[in-house]
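Q: Structure incoming, see below.
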Amino acid sequence: MRIINNGKDIVLADFANFDLKESLECGQCFNFVRTDDCTDNSFCAYKIIAGGRVLFASQRNSDLTLYDTSMEDYEAFWSNYFDVDTDYGEIKKSIIEACPELEEVIKENPGIRLLNQEYFETLISFIISQNKQIPQIKAVVRQLSEMAGKKIDSDVARLRKLKVVNQDNIIMTSYCFPTLEEFSKLTEDDIRACKAGFRAPYIMDAVRRTVYGEITEDSFMGLSTDEARQLLMKIKGVGEKVANCVLLFGLGRREAFPVDVWMKRIMEDIYFHADTPKDKIEAFATERFGKYAGYAQQYLFIYGKNKLK
DNA sequence: CTCCAGGTCGTTG
DNA sequence: CAACGACATGGA
């Protein structure tokens, strides 16, 4: 990969093992919008909101373009967000060795990366995710952001000319996911008003414990993944699955292996051929895939979606 | 109108 | 400790 910086935009040219669309739309993050008109198959463009920033990005072939950003911002945030320094060639090889059934999906979907998201946003987002479908999760995240998050206006005139933005209105104004401080000012009714439903008290509990300092990102330093999971699960509304998602997506614990209803079905189809408890499946996967279990989970998910249902 | 969605909690056997 | 219904909301 080479980085080209023309003063306005940054291009990651020949960025291997990366597909913007697959990486955003595989269910690991919720704060983004597709902005192009979806007519060109070899092109896609998105607005991504993360890290108190708004980024317009597009991909053509293996070139990823980040618009209206700087090398400082890239190095301070986006490089890590897109997991740029991780060698996916090695990871995929190891996973195929552990599970040959995945060779085909991995070759067909070579560009899925695990994004490095912020802890607090990941925690709240995956509390919301329970018993909801992705479009609805995104809707709640957006409403919370509009209610309490920082407002950012983008100048999209140039991006329209470049066809990076090809959809009407609202795209120029964005709202960041609320910070802890912004969340702490919301009441349970505010959160309910964002359609969080029965998850509202769970979110309140997560915010309360974080504000109080009982469970913060720093609390996990020096803890094993098992210990970190136990700590996360003290939060109301955080069970095994949500905790594993927070570990994997928000705390960089790539050995975490979230088991949802889908993963249960997929693993039963490949390995167990019988009804198997989720904790057994999780233990089996972490044993088999080790430090790459979280990556394996992404490929397994696609494998299952294609094969089952 | 009924059923279910990338779960978790609280209550029963 | 395994099983089971409740829980908000919106879309199929």
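Chain labels A, B, ... are given in the sequence in which chains occur in the structure tokens; within each chain residues are numbered consecutively from 1, and ligands are likewise numbered from 1 in the order shown.
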Let's see if you can do this: from backbone DSSP, list all alpha helix (DSSP H) residues in segment 31-267 of chain A, as an NGL selection string.
A: :A and (71-73 or 79-81 or 88-98 or 103-108 or 119-129 or 134-148 or 157-161 or 180-183 or 188-193 or 200-212 or 225-232 or 240-245 or 261-267)
Q: If the cut-off is 9 Å, can you tell me the residues of chain A near chain B, counting only C-alpha atoms (C1' of nucleotides)? I'd like them as a list of chain:residue names.
A: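 Within 9 Å of chain B on chain A, we get A:Gly27, A:Ile127, A:Ser129, A:Gln130, A:Asn131, A:Lys132, A:Gln133, A:Ile134, A:Lys236, A:Gly237, A:Val238, A:Gly239, A:Lys241, A:Val242, A:Val259, A:Asp260, A:Val261, A:Trp262, A:Met263.
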Q: Identify which of the residues A:Ser62, A:Thr122, A:Asn80, A:Asn166 lies closest to Cys38 of chain A, counting only C-alpha atoms when measuring atom-to-atom distances.
A: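 Distance minimum relative to Cys38 of chain A lands on A:Asn166.
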Q: Restrict the distance test to only C-alpha atoms (C1' of nucleotides), flag each residue of chain C within 8 Å of chain A, and return the flagged residues as a VMD selection string.
A: chain C and resid 7 to 10
Q: In Å, with one decimal, what is the gap from atom CA of Ser174 of chain A to atom CA of Thr216 of chain A?
A: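 A separation of 26.7 Å between them.
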Q: When you look at Tyr67 of chain A with a cut-off of 12 Å (counting only C-alpha atoms (C1' of nucleotides)), what residues show up, excluding the ones that are within fewer than 3 positions of it in the same chain? I need them as a ChimeraX atom specification.
A: /A:4-12,45-48,54-59,64,70-71,73-74,78,154-156,158-160,162,164-165
Q: Taking N, CA and C atoms for each residue, export the selection above as an mmCIF file, in the first residue's frame.
A:
data_model
loop_
_atom_site.group_PDB
_atom_site.id
_atom_site.type_symbol
_atom_site.label_atom_id
_atom_site.label_comp_id
_atom_site.auth_asym_id
_atom_site.auth_seq_id
_atom_site.Cartn_x
_atom_site.Cartn_y
_atom_site.Cartn_z
ATOM 1 N N ILE A 4 -1.131 8.388 -0.682
ATOM 2 C CA ILE A 4 -1.006 9.585 -1.501
ATOM 3 C C ILE A 4 -1.816 10.693 -0.846
ATOM 4 N N ASN A 5 -1.141 11.788 -0.577
ATOM 5 C CA ASN A 5 -1.803 12.901 0.099
ATOM 6 C C ASN A 5 -1.735 14.124 -0.804
ATOM 7 N N ASN A 6 -2.864 14.525 -1.346
ATOM 8 C CA ASN A 6 -2.842 15.661 -2.272
ATOM 9 C C ASN A 6 -3.180 16.976 -1.584
ATOM 10 N N GLY A 7 -3.207 16.952 -0.274
ATOM 11 C CA GLY A 7 -3.498 18.180 0.453
ATOM 12 C C GLY A 7 -4.939 18.283 0.896
ATOM 13 N N LYS A 8 -5.843 17.678 0.147
ATOM 14 C CA LYS A 8 -7.254 17.670 0.540
ATOM 15 C C LYS A 8 -7.692 16.265 0.942
ATOM 16 N N ASP A 9 -7.365 15.331 0.072
ATOM 17 C CA ASP A 9 -7.779 13.946 0.292
ATOM 18 C C ASP A 9 -6.563 13.051 0.487
ATOM 19 N N ILE A 10 -6.830 11.907 1.113
ATOM 20 C CA ILE A 10 -5.776 10.910 1.273
ATOM 21 C C ILE A 10 -6.220 9.646 0.558
ATOM 22 N N VAL A 11 -5.337 9.128 -0.275
ATOM 23 C CA VAL A 11 -5.662 7.889 -0.976
ATOM 24 C C VAL A 11 -4.759 6.777 -0.460
ATOM 25 N N LEU A 12 -5.377 5.695 -0.019
ATOM 26 C CA LEU A 12 -4.607 4.494 0.295
ATOM 27 C C LEU A 12 -4.651 3.630 -0.964
ATOM 28 N N ALA A 45 -19.400 4.622 -1.905
ATOM 29 C CA ALA A 45 -18.991 5.752 -1.079
ATOM 30 C C ALA A 45 -19.857 5.812 0.177
ATOM 31 N N TYR A 46 -19.233 6.188 1.265
ATOM 32 C CA TYR A 46 -19.927 6.216 2.554
ATOM 33 C C TYR A 46 -19.568 7.460 3.353
ATOM 34 N N LYS A 47 -20.484 7.838 4.220
ATOM 35 C CA LYS A 47 -20.174 8.783 5.291
ATOM 36 C C LYS A 47 -20.081 7.978 6.570
ATOM 37 N N ILE A 48 -18.942 8.105 7.223
ATOM 38 C CA ILE A 48 -18.714 7.365 8.461
ATOM 39 C C ILE A 48 -18.577 8.363 9.604
ATOM 40 N N VAL A 54 -16.405 13.207 11.213
ATOM 41 C CA VAL A 54 -17.184 12.733 10.082
ATOM 42 C C VAL A 54 -16.220 12.518 8.933
ATOM 43 N N LEU A 55 -16.284 11.350 8.328
ATOM 44 C CA LEU A 55 -15.400 11.061 7.203
ATOM 45 C C LEU A 55 -16.204 10.576 6.005
ATOM 46 N N PHE A 56 -15.976 11.222 4.865
ATOM 47 C CA PHE A 56 -16.495 10.691 3.608
ATOM 48 C C PHE A 56 -15.389 9.845 2.988
ATOM 49 N N ALA A 57 -15.747 8.645 2.562
ATOM 50 C CA ALA A 57 -14.747 7.737 2.008
ATOM 51 C C ALA A 57 -15.338 6.994 0.829
ATOM 52 N N SER A 58 -14.490 6.679 -0.146
ATOM 53 C CA SER A 58 -14.966 5.887 -1.276
ATOM 54 C C SER A 58 -13.922 4.852 -1.648
ATOM 55 N N GLN A 59 -14.388 3.843 -2.359
ATOM 56 C CA GLN A 59 -13.447 2.833 -2.837
ATOM 57 C C GLN A 59 -13.714 2.503 -4.299
ATOM 58 N N LEU A 64 -8.622 3.186 -1.647
ATOM 59 C CA LEU A 64 -9.545 3.788 -0.694
ATOM 60 C C LEU A 64 -9.224 5.272 -0.588
ATOM 61 N N SER A 70 -6.769 14.960 6.923
ATOM 62 C CA SER A 70 -5.349 15.316 6.960
ATOM 63 C C SER A 70 -4.535 14.117 7.411
ATOM 64 N N MET A 71 -3.261 14.164 7.175
ATOM 65 C CA MET A 71 -2.394 13.087 7.646
ATOM 66 C C MET A 71 -2.437 13.003 9.172
ATOM 67 N N ASP A 73 -5.003 13.634 11.109
ATOM 68 C CA ASP A 73 -6.221 12.934 11.480
ATOM 69 C C ASP A 73 -6.150 11.466 11.101
ATOM 70 N N TYR A 74 -5.551 11.209 9.963
ATOM 71 C CA TYR A 74 -5.404 9.825 9.528
ATOM 72 C C TYR A 74 -4.573 9.037 10.532
ATOM 73 N N TRP A 78 -7.960 7.425 11.883
ATOM 74 C CA TRP A 78 -8.518 6.542 10.858
ATOM 75 C C TRP A 78 -7.646 5.335 10.534
ATOM 76 N N SER A 154 -20.722 19.387 7.001
ATOM 77 C CA SER A 154 -19.683 19.121 6.007
ATOM 78 C C SER A 154 -20.002 19.902 4.737
ATOM 79 N N ASP A 155 -18.946 20.344 4.080
ATOM 80 C CA ASP A 155 -19.114 20.991 2.777
ATOM 81 C C ASP A 155 -19.088 19.901 1.713
ATOM 82 N N VAL A 156 -20.262 19.619 1.152
ATOM 83 C CA VAL A 156 -20.332 18.477 0.245
ATOM 84 C C VAL A 156 -20.384 18.865 -1.231
ATOM 85 N N ARG A 158 -18.089 19.805 -3.394
ATOM 86 C CA ARG A 158 -17.063 19.134 -4.183
ATOM 87 C C ARG A 158 -17.337 17.626 -4.247
ATOM 88 N N LEU A 159 -17.802 17.072 -3.158
ATOM 89 C CA LEU A 159 -18.078 15.635 -3.123
ATOM 90 C C LEU A 159 -19.233 15.266 -4.052
ATOM 91 N N ARG A 160 -20.144 16.183 -4.231
ATOM 92 C CA ARG A 160 -21.233 15.932 -5.194
ATOM 93 C C ARG A 160 -20.677 15.872 -6.610
ATOM 94 N N LEU A 162 -17.807 14.941 -7.449
ATOM 95 C CA LEU A 162 -17.047 13.694 -7.575
ATOM 96 C C LEU A 162 -17.942 12.460 -7.510
ATOM 97 N N VAL A 164 -19.297 11.302 -5.067
ATOM 98 C CA VAL A 164 -19.139 10.605 -3.795
ATOM 99 C C VAL A 164 -20.416 10.775 -2.985
ATOM 100 N N VAL A 165 -21.000 11.948 -3.118
ATOM 101 C CA VAL A 165 -22.309 12.198 -2.521
ATOM 102 C C VAL A 165 -23.295 12.374 -3.659
#
Q: Quote the spacing between atom CA of Ser23 of chain A and atom CA of Arg288 of chain A in Å to one decimal place.
A: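 Here the two named atoms are 23.8 Å from each other.
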Q: Excluding Lys138 of chain A and any residue of its chain fewer than 5 positions from it, enumerate the residues within 12 Å of it, using only C-alpha atoms (C1' of nucleotides), and give them as a PyMOL selection string.
A: chain A and resi 25+27-33+49+124-126+128-129+132-133+143-145+177+194-196
Q: Under the rule that only C-alpha atoms are counted, which of A:Thr65, A:Gln230, A:Lys305, A:Ser42 is the nearest residue to Arg2 of chain A?
A: A:Thr65
Q: Just how far from atom CA of Pro135 of chain A is atom CA of Ala293 of chain A, in Å to one decimal?
A: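 Taking atom CA of Ala293 of chain A and atom CA of Pro135 of chain A, their separation equals 26.2 Å.
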